[in-house]
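J.: My file is structure-v7.csv. It has CSV, C-alpha atoms and all ligand atoms:
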chain,number,residue,atom,x,y,z
A,22,MET,CA,-45.7,34.3,30.5
A,23,ASP,CA,-45.3,31.2,32.7
A,24,GLN,CA,-47.7,29.3,30.5
A,25,LEU,CA,-45.7,30.4,27.4
A,26,LEU,CA,-42.4,29.2,28.9
A,27,GLN,CA,-43.9,25.9,29.9
A,28,GLN,CA,-45.1,25.3,26.3
A,29,ILE,CA,-41.6,26.1,25.0
A,30,GLU,CA,-40.2,23.5,27.4
A,31,GLU,CA,-42.8,20.9,26.2
A,32,TYR,CA,-42.0,21.7,22.6
A,33,LYS,CA,-38.3,21.1,23.2
A,34,LYS,CA,-39.0,17.8,24.8
A,35,GLU,CA,-41.3,16.7,22.0
A,36,ILE,CA,-38.8,17.7,19.3
A,37,GLY,CA,-36.1,15.7,21.1
A,38,GLN,CA,-38.1,12.5,20.7
A,39,PHE,CA,-39.4,13.2,17.2
A,40,THR,CA,-39.0,10.3,14.7
A,41,ASN,CA,-37.5,11.8,11.5
A,42,GLY,CA,-39.2,11.2,8.2
A,43,ASP,CA,-42.6,10.0,9.6
A,44,ILE,CA,-45.2,11.8,7.4
A,45,LYS,CA,-48.0,11.2,9.8
A,46,ALA,CA,-46.1,12.6,12.8
A,47,VAL,CA,-45.2,15.7,10.8
A,48,GLU,CA,-48.9,16.4,10.1
A,49,GLU,CA,-49.7,15.8,13.8
A,50,PHE,CA,-46.9,18.2,14.7
A,51,ARG,CA,-48.4,20.9,12.4
A,52,ILE,CA,-51.9,20.5,13.8
A,53,LYS,CA,-50.8,20.5,17.4
A,54,TRP,CA,-48.5,23.5,17.2
A,55,LEU,CA,-49.4,25.6,14.1
A,56,GLY,CA,-53.1,24.6,13.4
A,57,THR,CA,-56.0,27.0,13.7
A,58,LYS,CA,-56.7,25.5,17.1
A,59,GLY,CA,-53.1,24.9,17.8
A,60,ILE,CA,-50.9,26.0,20.7
A,61,VAL,CA,-49.2,28.9,19.0
A,62,LYS,CA,-52.6,30.4,17.9
A,63,SER,CA,-54.0,30.1,21.4
A,64,LEU,CA,-51.0,31.7,22.9
A,65,MET,CA,-51.5,34.6,20.5
A,66,GLY,CA,-55.0,34.9,21.9
A,67,GLU,CA,-53.6,35.3,25.3
A,68,MET,CA,-52.0,38.6,24.2
A,69,ARG,CA,-55.1,40.6,25.1
A,70,ASN,CA,-54.9,39.3,28.8
A,71,ILE,CA,-51.4,40.6,29.2
A,72,PRO,CA,-51.0,43.9,31.0
A,73,ASN,CA,-49.8,46.7,28.7
A,74,ASP,CA,-46.4,47.1,30.2
A,75,ARG,CA,-45.5,43.4,29.7
A,76,LYS,CA,-47.0,43.1,26.2
A,77,LYS,CA,-43.8,43.9,24.5
A,78,GLU,CA,-41.7,41.3,26.3
A,79,PHE,CA,-44.4,38.6,25.9
A,80,GLY,CA,-44.9,39.4,22.2
A,81,GLN,CA,-41.2,39.1,21.5
A,82,VAL,CA,-40.7,35.7,23.2
A,83,LEU,CA,-43.9,34.4,21.5
A,84,ASN,CA,-42.8,35.7,18.1
A,85,ASP,CA,-39.4,34.0,18.4
A,86,PHE,CA,-41.1,30.8,19.5
A,87,LYS,CA,-43.5,30.9,16.5
A,88,ALA,CA,-40.6,31.4,14.0
A,89,LEU,CA,-38.8,28.5,15.7
A,90,VAL,CA,-41.8,26.2,15.3
A,91,GLU,CA,-42.4,27.2,11.7
A,92,ASN,CA,-38.8,26.7,10.7
A,93,LYS,CA,-38.8,23.3,12.4
A,94,PHE,CA,-42.0,22.3,10.5
A,95,GLU,CA,-40.4,23.2,7.1
A,96,GLU,CA,-37.4,21.1,8.0
A,97,LEU,CA,-39.5,18.1,9.1
A,98,LYS,CA,-41.6,18.4,5.9
A,99,GLU,CA,-38.5,18.3,3.8
A,100,GLY,CA,-37.2,15.3,5.6
A,101,SER,CA,-40.4,13.4,5.2
A,102,ARG,CA,-40.5,14.3,1.5
A,103,ILE,CA,-37.1,12.6,1.0
A,104,GLU,CA,-38.3,9.5,2.9
A,105,GLU,CA,-41.5,9.5,0.8
A,106,THR,CA,-39.5,9.5,-2.5
A,107,ALA,CA,-37.3,6.7,-1.2
A,108,ALA,CA,-40.3,4.7,-0.1
A,109,GLY,CA,-41.9,5.2,-3.5
A,110,ALA,CA,-38.8,3.8,-5.1
A,111,GLY,CA,-39.0,0.8,-2.8
A,112,LEU,CA,-36.1,2.0,-0.6
A,113,ASP,CA,-36.0,1.8,3.2
A,114,LEU,CA,-33.5,4.4,4.3
A,115,SER,CA,-33.5,3.1,7.8
A,116,LEU,CA,-31.8,-0.2,6.8
A,117,PRO,CA,-28.0,-0.4,7.6
A,118,GLY,CA,-25.8,0.0,4.5
A,119,ASP,CA,-24.0,-2.9,2.8
A,120,PRO,CA,-20.4,-2.9,4.0
A,121,LEU,CA,-17.9,-2.7,1.1
A,122,PRO,CA,-15.6,-5.6,0.9
A,123,LEU,CA,-12.1,-4.4,1.8
A,124,GLY,CA,-9.0,-6.0,0.2
A,125,SER,CA,-5.6,-6.3,1.8
A,126,ARG,CA,-2.0,-6.0,0.6
A,127,HIS,CA,-0.4,-9.1,-0.7
A,128,PRO,CA,2.5,-10.3,1.5
A,129,VAL,CA,4.9,-10.1,-1.4
A,130,SER,CA,3.9,-6.5,-1.9
A,131,LEU,CA,4.2,-5.8,1.8
A,132,MET,CA,7.8,-7.1,1.8
A,133,ARG,CA,8.7,-5.4,-1.5
A,134,ASN,CA,7.5,-2.0,-0.1
A,135,ARG,CA,9.5,-2.5,3.1
A,136,ILE,CA,12.7,-3.3,1.2
A,137,VAL,CA,12.2,-0.5,-1.4
A,138,SER,CA,11.4,2.2,1.2
A,139,ILE,CA,14.6,1.5,3.1
A,140,PHE,CA,16.6,2.2,0.0
A,141,GLN,CA,14.4,5.2,-0.9
A,142,ARG,CA,15.4,6.8,2.3
A,143,LEU,CA,19.1,6.5,1.2
A,144,GLY,CA,18.2,8.3,-2.0
A,145,PHE,CA,17.7,5.4,-4.3
A,146,ALA,CA,15.1,6.1,-7.0
A,147,LEU,CA,12.4,3.6,-7.8
A,148,ALA,CA,12.2,2.3,-11.4
A,149,ASP,CA,11.1,-0.8,-13.3
A,150,GLY,CA,11.7,-2.6,-16.6
A,151,PRO,CA,9.9,-5.1,-18.8
A,152,GLU,CA,9.3,-8.7,-17.9
A,153,ILE,CA,9.4,-9.8,-21.5
A,154,GLU,CA,13.0,-8.9,-22.3
A,155,ASP,CA,15.5,-9.3,-25.2
A,156,ASP,CA,18.7,-11.4,-24.9
A,157,TRP,CA,20.9,-8.2,-24.8
A,158,HIS,CA,19.4,-6.8,-21.6
A,159,ASN,CA,18.9,-10.0,-19.8
A,160,PHE,CA,22.2,-11.7,-20.7
A,161,THR,CA,24.6,-10.3,-23.3
A,162,ALA,CA,25.0,-6.7,-21.9
A,163,LEU,CA,25.5,-8.3,-18.5
A,164,ASN,CA,28.7,-9.9,-19.7
A,165,MET,CA,27.0,-13.2,-20.5
A,166,PRO,CA,27.6,-13.6,-24.3
A,167,GLU,CA,25.9,-16.4,-26.2
A,168,PHE,CA,27.1,-19.9,-25.1
A,169,HIS,CA,28.5,-18.4,-21.8
A,170,PRO,CA,28.2,-21.2,-19.3
A,171,ALA,CA,26.8,-18.8,-16.7
A,172,ARG,CA,23.6,-18.6,-18.7
A,173,ASP,CA,22.9,-22.1,-17.4
A,174,MET,CA,22.7,-20.8,-13.8
A,175,GLN,CA,19.3,-19.6,-14.7
A,176,ASP,CA,17.0,-21.9,-16.7
A,177,THR,CA,15.2,-19.6,-19.1
A,178,PHE,CA,11.8,-19.4,-20.7
A,179,TYR,CA,12.1,-18.3,-24.3
A,180,VAL,CA,9.3,-16.8,-26.4
A,181,GLN,CA,8.5,-19.1,-29.3
A,182,GLN,CA,7.7,-16.3,-31.8
A,183,ASN,CA,11.1,-14.7,-31.5
A,184,PRO,CA,14.2,-16.5,-30.3
A,185,ASP,CA,15.6,-13.2,-29.1
A,186,TRP,CA,12.9,-12.7,-26.6
A,187,LEU,CA,12.6,-14.3,-23.2
A,188,LEU,CA,11.0,-13.9,-19.8
A,189,ARG,CA,13.6,-12.1,-17.7
A,190,THR,CA,15.4,-14.4,-15.3
A,191,HIS,CA,16.4,-11.6,-13.0
A,192,THR,CA,15.8,-7.9,-12.4
A,193,SER,CA,19.4,-7.1,-13.5
A,194,ASN,CA,18.0,-6.2,-17.0
A,195,VAL,CA,16.8,-2.9,-15.4
A,196,GLN,CA,20.4,-2.1,-14.5
A,197,ILE,CA,21.2,-2.2,-18.2
A,198,ARG,CA,18.2,-0.2,-19.2
A,199,GLU,CA,18.9,2.5,-16.6
A,200,MET,CA,22.6,2.7,-17.5
A,201,GLU,CA,21.7,2.9,-21.2
A,202,LYS,CA,19.7,6.1,-20.6
A,203,GLY,CA,23.1,7.8,-20.2
A,204,LYS,CA,22.3,9.9,-17.2
A,205,LEU,CA,24.8,9.7,-14.4
A,206,PRO,CA,25.1,9.3,-11.5
A,207,ILE,CA,22.6,6.5,-11.0
A,208,ARG,CA,21.2,5.4,-7.7
A,209,GLY,CA,18.2,3.2,-8.2
A,210,ILE,CA,16.1,0.4,-6.7
A,211,TYR,CA,14.2,-1.9,-9.1
A,212,PRO,CA,11.7,-4.4,-7.8
A,213,GLY,CA,9.9,-6.8,-10.1
A,214,ARG,CA,8.8,-10.3,-11.2
A,215,VAL,CA,11.2,-12.8,-12.7
A,216,TYR,CA,10.8,-16.2,-14.3
A,217,ARG,CA,12.9,-19.4,-14.3
A,218,ASN,CA,12.1,-22.8,-15.7
A,219,GLU,CA,12.1,-24.6,-12.3
A,220,THR,CA,10.0,-27.4,-11.0
A,221,VAL,CA,7.3,-25.9,-8.8
A,222,SER,CA,7.5,-27.1,-5.2
A,223,ALA,CA,7.1,-25.7,-1.6
A,224,ARG,CA,10.5,-24.1,-1.9
A,225,SER,CA,10.8,-22.9,-5.5
A,226,HIS,CA,8.6,-21.6,-8.2
A,227,CYS,CA,8.7,-20.8,-11.9
A,228,PHE,CA,8.2,-17.2,-11.1
A,229,PHE,CA,9.1,-15.1,-8.1
A,230,HIS,CA,10.2,-11.5,-7.3
A,231,GLN,CA,13.5,-9.7,-6.8
A,232,VAL,CA,14.7,-6.3,-5.9
A,233,GLU,CA,17.7,-5.0,-7.7
A,234,GLY,CA,19.9,-2.1,-6.5
A,235,LEU,CA,22.4,-0.1,-8.6
A,236,TYR,CA,24.7,2.8,-7.7
A,237,ILE,CA,27.0,4.3,-10.3
A,238,ASP,CA,29.1,7.4,-9.7
A,239,GLU,CA,32.8,8.5,-9.5
A,240,ASN,CA,34.7,6.8,-6.7
A,241,VAL,CA,32.0,4.3,-5.6
A,242,SER,CA,33.8,1.5,-3.7
A,243,PHE,CA,33.2,-1.9,-2.2
A,244,ALA,CA,33.1,-0.1,1.2
A,245,ASP,CA,30.1,1.9,0.0
A,246,LEU,CA,28.4,-1.3,-1.0
A,247,LYS,CA,29.0,-2.8,2.4
A,248,GLN,CA,27.8,0.3,4.3
A,249,THR,CA,24.7,0.5,2.2
A,250,LEU,CA,23.9,-3.2,2.8
A,251,TYR,CA,24.7,-3.0,6.5
A,252,PHE,CA,22.3,-0.1,6.8
A,253,PHE,CA,19.6,-2.2,5.0
A,254,VAL,CA,20.1,-5.2,7.3
A,255,LYS,CA,19.9,-3.0,10.4
A,256,GLU,CA,16.7,-1.4,9.2
A,257,MET,CA,15.2,-4.6,8.0
A,258,TYR,CA,16.2,-7.2,10.6
A,259,GLY,CA,17.4,-5.1,13.6
A,260,THR,CA,20.7,-4.4,15.2
A,261,GLU,CA,21.2,-7.8,16.8
A,262,VAL,CA,21.6,-9.6,13.4
A,263,LYS,CA,25.1,-10.5,12.2
A,264,VAL,CA,26.2,-10.1,8.6
A,265,ARG,CA,28.8,-11.9,6.6
A,266,PHE,CA,30.0,-11.6,3.0
A,267,ARG,CA,31.2,-14.7,1.1
A,268,PRO,CA,33.2,-14.4,-2.2
A,269,SER,CA,31.0,-15.5,-5.1
A,270,PHE,CA,30.7,-15.2,-8.8
A,271,PHE,CA,28.4,-13.3,-11.1
A,272,PRO,CA,29.5,-12.5,-14.7
A,273,PHE,CA,28.3,-8.9,-14.3
A,274,THR,CA,30.1,-8.0,-11.1
A,275,GLU,CA,33.8,-8.2,-10.1
A,276,PRO,CA,34.5,-8.8,-7.4
A,277,SER,CA,31.2,-10.6,-6.4
A,278,ALA,CA,29.9,-11.6,-3.1
A,279,GLU,CA,26.9,-13.2,-1.4
A,280,MET,CA,25.6,-11.7,1.8
A,281,ASP,CA,24.3,-13.8,4.7
A,282,ILE,CA,22.6,-12.8,7.9
A,283,SER,CA,22.6,-14.8,11.1
A,284,CYS,CA,19.4,-16.9,11.2
A,285,THR,CA,16.6,-14.8,12.5
A,286,LEU,CA,14.7,-17.8,13.9
A,287,CYS,CA,17.4,-19.6,15.9
A,288,LYS,CA,19.7,-16.6,16.3
A,289,GLY,CA,22.5,-18.4,14.6
A,290,GLU,CA,22.4,-21.6,16.7
A,291,GLY,CA,21.3,-23.8,13.9
A,292,CYS,CA,17.8,-24.9,12.9
A,293,SER,CA,15.9,-26.6,10.1
A,294,VAL,CA,15.3,-23.2,8.3
A,295,CYS,CA,19.0,-22.3,8.1
A,296,LYS,CA,19.8,-26.0,7.5
A,297,HIS,CA,21.8,-26.0,10.7
A,298,THR,CA,24.4,-23.5,9.4
A,299,GLY,CA,23.1,-20.5,11.6
A,300,TRP,CA,23.2,-18.4,8.4
A,301,LEU,CA,20.6,-17.3,5.8
A,302,GLU,CA,21.6,-16.3,2.3
A,303,ILE,CA,20.0,-12.9,1.6
A,304,LEU,CA,21.4,-11.5,-1.6
A,305,GLY,CA,24.0,-11.4,-4.3
A,306,CYS,CA,26.1,-8.3,-5.0
A,307,GLY,CA,29.3,-6.9,-6.3
A,308,MET,CA,31.1,-4.1,-8.2
A,309,VAL,CA,29.7,-3.6,-11.6
A,310,HIS,CA,32.0,-5.3,-14.1
A,311,PRO,CA,33.9,-2.9,-16.4
A,312,ASN,CA,32.6,-4.8,-19.5
A,313,VAL,CA,29.0,-4.1,-18.3
A,314,LEU,CA,29.7,-0.3,-18.0
A,315,GLN,CA,31.3,-0.3,-21.4
A,316,ASN,CA,28.3,-2.2,-22.9
A,317,CYS,CA,26.2,0.7,-21.7
A,318,ARG,CA,28.6,3.4,-23.0
A,319,ILE,CA,29.8,4.4,-19.5
A,320,ASP,CA,33.6,5.0,-19.2
A,321,PRO,CA,34.9,2.5,-16.6
A,322,ASN,CA,38.0,4.6,-16.1
A,323,LYS,CA,35.8,7.4,-14.8
A,324,TYR,CA,32.9,5.6,-13.2
A,325,THR,CA,32.5,2.7,-10.8
A,326,GLY,CA,29.5,1.3,-9.1
A,327,PHE,CA,27.9,-1.5,-7.2
A,328,ALA,CA,24.9,-3.7,-7.7
A,329,PHE,CA,22.9,-6.1,-5.6
A,330,GLY,CA,19.9,-8.3,-6.1
A,331,MET,CA,17.7,-10.1,-3.6
A,332,GLY,CA,14.7,-12.3,-3.6
A,333,ILE,CA,11.4,-11.1,-2.0
A,334,GLU,CA,9.7,-14.4,-1.4
A,335,ARG,CA,12.2,-15.9,1.0
A,336,PRO,CA,12.2,-12.9,3.5
A,337,ALA,CA,8.4,-12.8,3.3
A,338,LEU,CA,8.2,-16.6,4.1
A,339,LEU,CA,10.5,-15.9,7.1
A,340,LYS,CA,8.7,-12.8,8.4
A,341,TYR,CA,5.2,-14.1,8.1
A,342,GLY,CA,6.0,-17.7,9.1
A,343,ILE,CA,4.8,-19.2,5.8
A,344,ASN,CA,6.1,-22.7,4.8
A,345,ASP,CA,5.0,-23.0,1.2
A,346,ILE,CA,6.0,-20.5,-1.6
A,347,ARG,CA,3.1,-21.7,-3.8
A,348,LEU,CA,0.6,-20.0,-1.4
A,349,PHE,CA,1.8,-16.7,-2.7
A,350,SER,CA,0.4,-17.3,-6.2
A,351,GLU,CA,-2.7,-19.3,-5.5
A,352,ASN,CA,-4.8,-16.3,-4.4
A,353,ASP,CA,-6.8,-18.2,-1.8
A,354,VAL,CA,-8.6,-15.4,0.0
A,355,ARG,CA,-8.4,-17.3,3.3
A,356,PHE,CA,-4.6,-17.0,3.0
A,357,LEU,CA,-4.6,-13.4,1.7
A,358,GLN,CA,-7.0,-12.1,4.3
A,359,GLN,CA,-4.6,-13.0,7.1
A,360,PHE,CA,-2.4,-10.0,6.0
A,361,ALA,CA,-5.2,-7.4,6.3
A,362,SER,CA,-3.5,-5.7,9.2
A,363,ALA,CA,0.1,-6.8,8.5
A,364,ILE,CA,2.8,-4.3,7.7
B,401,LIG,N1,21.0,-11.1,-10.7
B,401,LIG,C1,21.5,-12.0,-9.7
B,401,LIG,C2,20.6,-13.2,-9.5
B,401,LIG,O1,19.5,-13.2,-9.9
B,401,LIG,C3,21.7,-11.2,-8.4
B,401,LIG,C4,22.7,-10.1,-8.5
B,401,LIG,C5,22.3,-8.8,-8.8
B,401,LIG,C6,24.0,-10.3,-8.2
B,401,LIG,C7,23.2,-7.8,-8.9
B,401,LIG,C8,24.9,-9.3,-8.2
B,401,LIG,C9,24.5,-8.0,-8.6
B,401,LIG,O2,21.0,-14.2,-8.9
Any chance you could put this one into structure tokens?

T.:
Amino acid sequence: MDQLLQQIEEYKKEIGQFTNGDIKAVEEFRIKWLGTKGIVKSLMGEMRNIPNDRKKEFGQVLNDFKALVENKFEELKEGSRIEETAAGAGLDLSLPGDPLPLGSRHPVSLMRNRIVSIFQRLGFALADGPEIEDDWHNFTALNMPEFHPARDMQDTFYVQQNPDWLLRTHTSNVQIREMEKGKLPIRGIYPGRVYRNETVSARSHCFFHQVEGLYIDENVSFADLKQTLYFFVKEMYGTEVKVRFRPSFFPFTEPSAEMDISCTLCKGEGCSVCKHTGWLEILGCGMVHPNVLQNCRIDPNKYTGFAFGMGIERPALLKYGINDIRLFSENDVRFLQQFASAI
């Protein structure tokens, strides 16, 4: 019995050090443990030397051990068969795998997601619209009829084939498309790419990104607009940041305003980024003009609403300390890789 237990111990040690998949070692294992002159057989032979009253106990332990070794052998055989097939196909399964190249989010996408998710938490629903747009949705319905001087605020790319088509100059076209659907109330957030015929430089580009917000319901007031945007600023830039609204003009909102926040770099003291004013311009906003509601067959006597629009590139430049807007569209992986762990 002692001899048997000792062999079991040796077996366990051997199995612990076994190299998987080695065909020669599997055969050596079989001969040593299960062969005609192997250890299991010789232990079987010992059976006759065991006194009768201990035979049962010895037999049981030995049988269990035999089953264990046989099962192990089948398992090792299977393992080496897989290795053999792989080797036949010229594969070495012990080589480390090729790592898959992992991409990362683009900084503009990161910033868009941050902005959008804040408004989603307030119940604004995500939607988008076309980048190739017609004159109605980009201009006319937004209270900018043909020859309206305000069209000159945004230098437009037109599509040669059709003078009615253009590359949208702002995401406000989505306002119109959502209002035209005729389902009220509306509370939406609309990110997307826009195009303007501007000279490309470190500070401006001929395409960039905006996020548009729209809220239309009964009794929506300018106070609601301010509260929504205060919440946004707090979530986005923290509670320390100051906010101010300046009266402004957009043909599609009345009254209109621009919102500034105190410069996040110099904390309002004045630096080159805020051009020594202490303030950064963040967005344009206002109460949706009654003409715009009417253009979308919404009754301005029953419904009111607010809209706002902000750029994505500028906040992204600020947050990630980037000094050239062109980097966003050059797709240099050395630039993009720096945002692998950014949020
Ligand atoms: N569309 C305006 C722009 O691109 C921003 C804006 C949107 C202003 C909505 C007011 C309301 O400058």

J.: Give me, as a PyMOL selection string, the set of residues whose atoms come within 9 Å of any atom of ligand LIG 401 (chain B), counting all atoms listed in the file.

T.: chain A and resi 174-175+190-194+196+215+231-235+270-274+277-279+304-309+327-332

J.: Go ahead and compute the interatomic distance for CA of Gly291 (chain A) and CA of Gln359 (chain A), in Å to one decimal.

T.: 28.9 Å

J.: Find the spatial neighbours of Ile139 (chain A), counting all atoms listed in the file, within a cut-off of 9 Å - ignore same-chain residues fewer than 6 positions away - and output them as a list in words.

T.: Phe145, Phe252, Phe253, Glu256 and Met257 of chain A

J.: Just checking: using all atoms listed in the file, which residue out of A:Gly80, A:Pro336, A:Gly42, A:Pro151 ends up closest to Thr106 (chain A)?

T.: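 Of the candidates, the smallest distance to Thr106 (chain A) is held by A:Gly42.
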
J.: I'd like the contact shell of His127 (chain A) - 12 Å cut-off, only C-alpha atoms, skipping same-chain residues fewer than 5 positions apart - returned as a list of chain:residue names.

T.: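 Near His127 (chain A), the qualifying residues are A:Met132, A:Arg133, A:Asn134, A:Glu334, A:Ala337, A:Tyr341, A:Leu348, A:Phe349, A:Ser350, A:Glu351, A:Asn352, A:Asp353, A:Val354, A:Phe356, A:Leu357, A:Gln358, A:Gln359, A:Phe360, A:Ala361, A:Ser362, A:Ala363, A:Ile364.
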
J.: Work out how far apart CA of Leu55 (chain A) and CA of Lys87 (chain A) are and give it in Å to one decimal.

T.: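 Computing it gives 8.3 Å between the two atoms.
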
J.: For the atom pair CA of Leu301 (chain A) and CA of Ile346 (chain A), what is the interatomic distance in Å to one decimal place?

T.: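 Interatomic distance, CA of Leu301 (chain A) to CA of Ile346 (chain A): 16.7 Å.
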
J.: Using all atoms listed in the file, pick whichever of A:Pro117, A:Gly59, A:Pro212, A:Gly150 has the shortest atom-to-atom distance to Arg135 (chain A).

T.: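 So, comparing all the options, the nearest one is A:Pro212.
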
J.: May I have the residues at most 12 Å from (-34.2, 3.0, 4.3) in the file's coordinates, counting all atoms listed in the file, as a PDB file with C-alpha atoms, keeping the file's coordinate frame?

T.:
ATOM      1  CA  ASN A  41     -37.500  11.800  11.500  1.00  0.00           C
ATOM      2  CA  GLY A  42     -39.200  11.200   8.200  1.00  0.00           C
ATOM      3  CA  ILE A 103     -37.100  12.600   1.000  1.00  0.00           C
ATOM      4  CA  GLU A 104     -38.300   9.500   2.900  1.00  0.00           C
ATOM      5  CA  GLU A 105     -41.500   9.500   0.800  1.00  0.00           C
ATOM      6  CA  THR A 106     -39.500   9.500  -2.500  1.00  0.00           C
ATOM      7  CA  ALA A 107     -37.300   6.700  -1.200  1.00  0.00           C
ATOM      8  CA  ALA A 108     -40.300   4.700  -0.100  1.00  0.00           C
ATOM      9  CA  GLY A 109     -41.900   5.200  -3.500  1.00  0.00           C
ATOM     10  CA  ALA A 110     -38.800   3.800  -5.100  1.00  0.00           C
ATOM     11  CA  GLY A 111     -39.000   0.800  -2.800  1.00  0.00           C
ATOM     12  CA  LEU A 112     -36.100   2.000  -0.600  1.00  0.00           C
ATOM     13  CA  ASP A 113     -36.000   1.800   3.200  1.00  0.00           C
ATOM     14  CA  LEU A 114     -33.500   4.400   4.300  1.00  0.00           C
ATOM     15  CA  SER A 115     -33.500   3.100   7.800  1.00  0.00           C
ATOM     16  CA  LEU A 116     -31.800  -0.200   6.800  1.00  0.00           C
ATOM     17  CA  PRO A 117     -28.000  -0.400   7.600  1.00  0.00           C
ATOM     18  CA  GLY A 118     -25.800   0.000   4.500  1.00  0.00           C
ATOM     19  CA  ASP A 119     -24.000  -2.900   2.800  1.00  0.00           C
TER      20      ASP A 119
END

J.: Since fewer atoms than expected are present, regenerate N, CA, C and O atoms for region 25-39 of chain A and write them as a short mmCIF file (atom, residue, chain, number, x, y, z; two decimals), in the coordinates of the input.

T.:
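Once written, result.cif looks like this:
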data_model
loop_
_atom_site.label_atom_id
_atom_site.label_comp_id
_atom_site.auth_asym_id
_atom_site.auth_seq_id
_atom_site.Cartn_x
_atom_site.Cartn_y
_atom_site.Cartn_z
N LEU A 25 -46.45 30.33 28.63
CA LEU A 25 -45.70 30.40 27.40
C LEU A 25 -44.35 29.60 27.57
O LEU A 25 -44.00 28.73 26.76
N LEU A 26 -43.64 29.91 28.68
CA LEU A 26 -42.40 29.20 28.90
C LEU A 26 -42.53 27.73 29.07
O LEU A 26 -41.71 26.94 28.61
N GLN A 27 -43.63 27.36 29.70
CA GLN A 27 -43.90 25.90 29.90
C GLN A 27 -44.13 25.23 28.56
O GLN A 27 -43.64 24.13 28.35
N GLN A 28 -44.86 25.91 27.66
CA GLN A 28 -45.10 25.30 26.30
C GLN A 28 -43.79 25.19 25.55
O GLN A 28 -43.60 24.22 24.83
N ILE A 29 -42.93 26.19 25.71
CA ILE A 29 -41.60 26.10 25.00
C ILE A 29 -40.86 24.87 25.49
O ILE A 29 -40.28 24.12 24.71
N GLU A 30 -40.90 24.65 26.81
CA GLU A 30 -40.20 23.50 27.40
C GLU A 30 -40.82 22.19 26.78
O GLU A 30 -40.10 21.28 26.38
N GLU A 31 -42.15 22.13 26.73
CA GLU A 31 -42.80 20.90 26.20
C GLU A 31 -42.42 20.70 24.76
O GLU A 31 -42.15 19.58 24.33
N TYR A 32 -42.38 21.83 24.02
CA TYR A 32 -42.00 21.70 22.60
C TYR A 32 -40.61 21.12 22.45
O TYR A 32 -40.38 20.22 21.65
N LYS A 33 -39.68 21.61 23.28
CA LYS A 33 -38.30 21.10 23.20
C LYS A 33 -38.23 19.61 23.45
O LYS A 33 -37.52 18.87 22.78
N LYS A 34 -39.02 19.18 24.46
CA LYS A 34 -39.00 17.80 24.80
C LYS A 34 -39.56 16.95 23.63
O LYS A 34 -39.00 15.92 23.25
N GLU A 35 -40.64 17.44 23.06
CA GLU A 35 -41.30 16.70 22.00
C GLU A 35 -40.35 16.59 20.76
O GLU A 35 -40.22 15.53 20.15
N ILE A 36 -39.68 17.67 20.45
CA ILE A 36 -38.80 17.70 19.30
C ILE A 36 -37.61 16.70 19.50
O ILE A 36 -37.16 16.02 18.59
N GLY A 37 -37.18 16.61 20.76
CA GLY A 37 -36.10 15.70 21.10
C GLY A 37 -36.44 14.25 20.79
O GLY A 37 -35.57 13.43 20.52
N GLN A 38 -37.74 13.93 20.87
CA GLN A 38 -38.10 12.50 20.70
C GLN A 38 -38.75 12.29 19.31
O GLN A 38 -39.28 11.22 19.03
N PHE A 39 -38.69 13.30 18.45
CA PHE A 39 -39.40 13.20 17.20
C PHE A 39 -38.72 12.17 16.26
O PHE A 39 -37.50 12.14 16.11
#
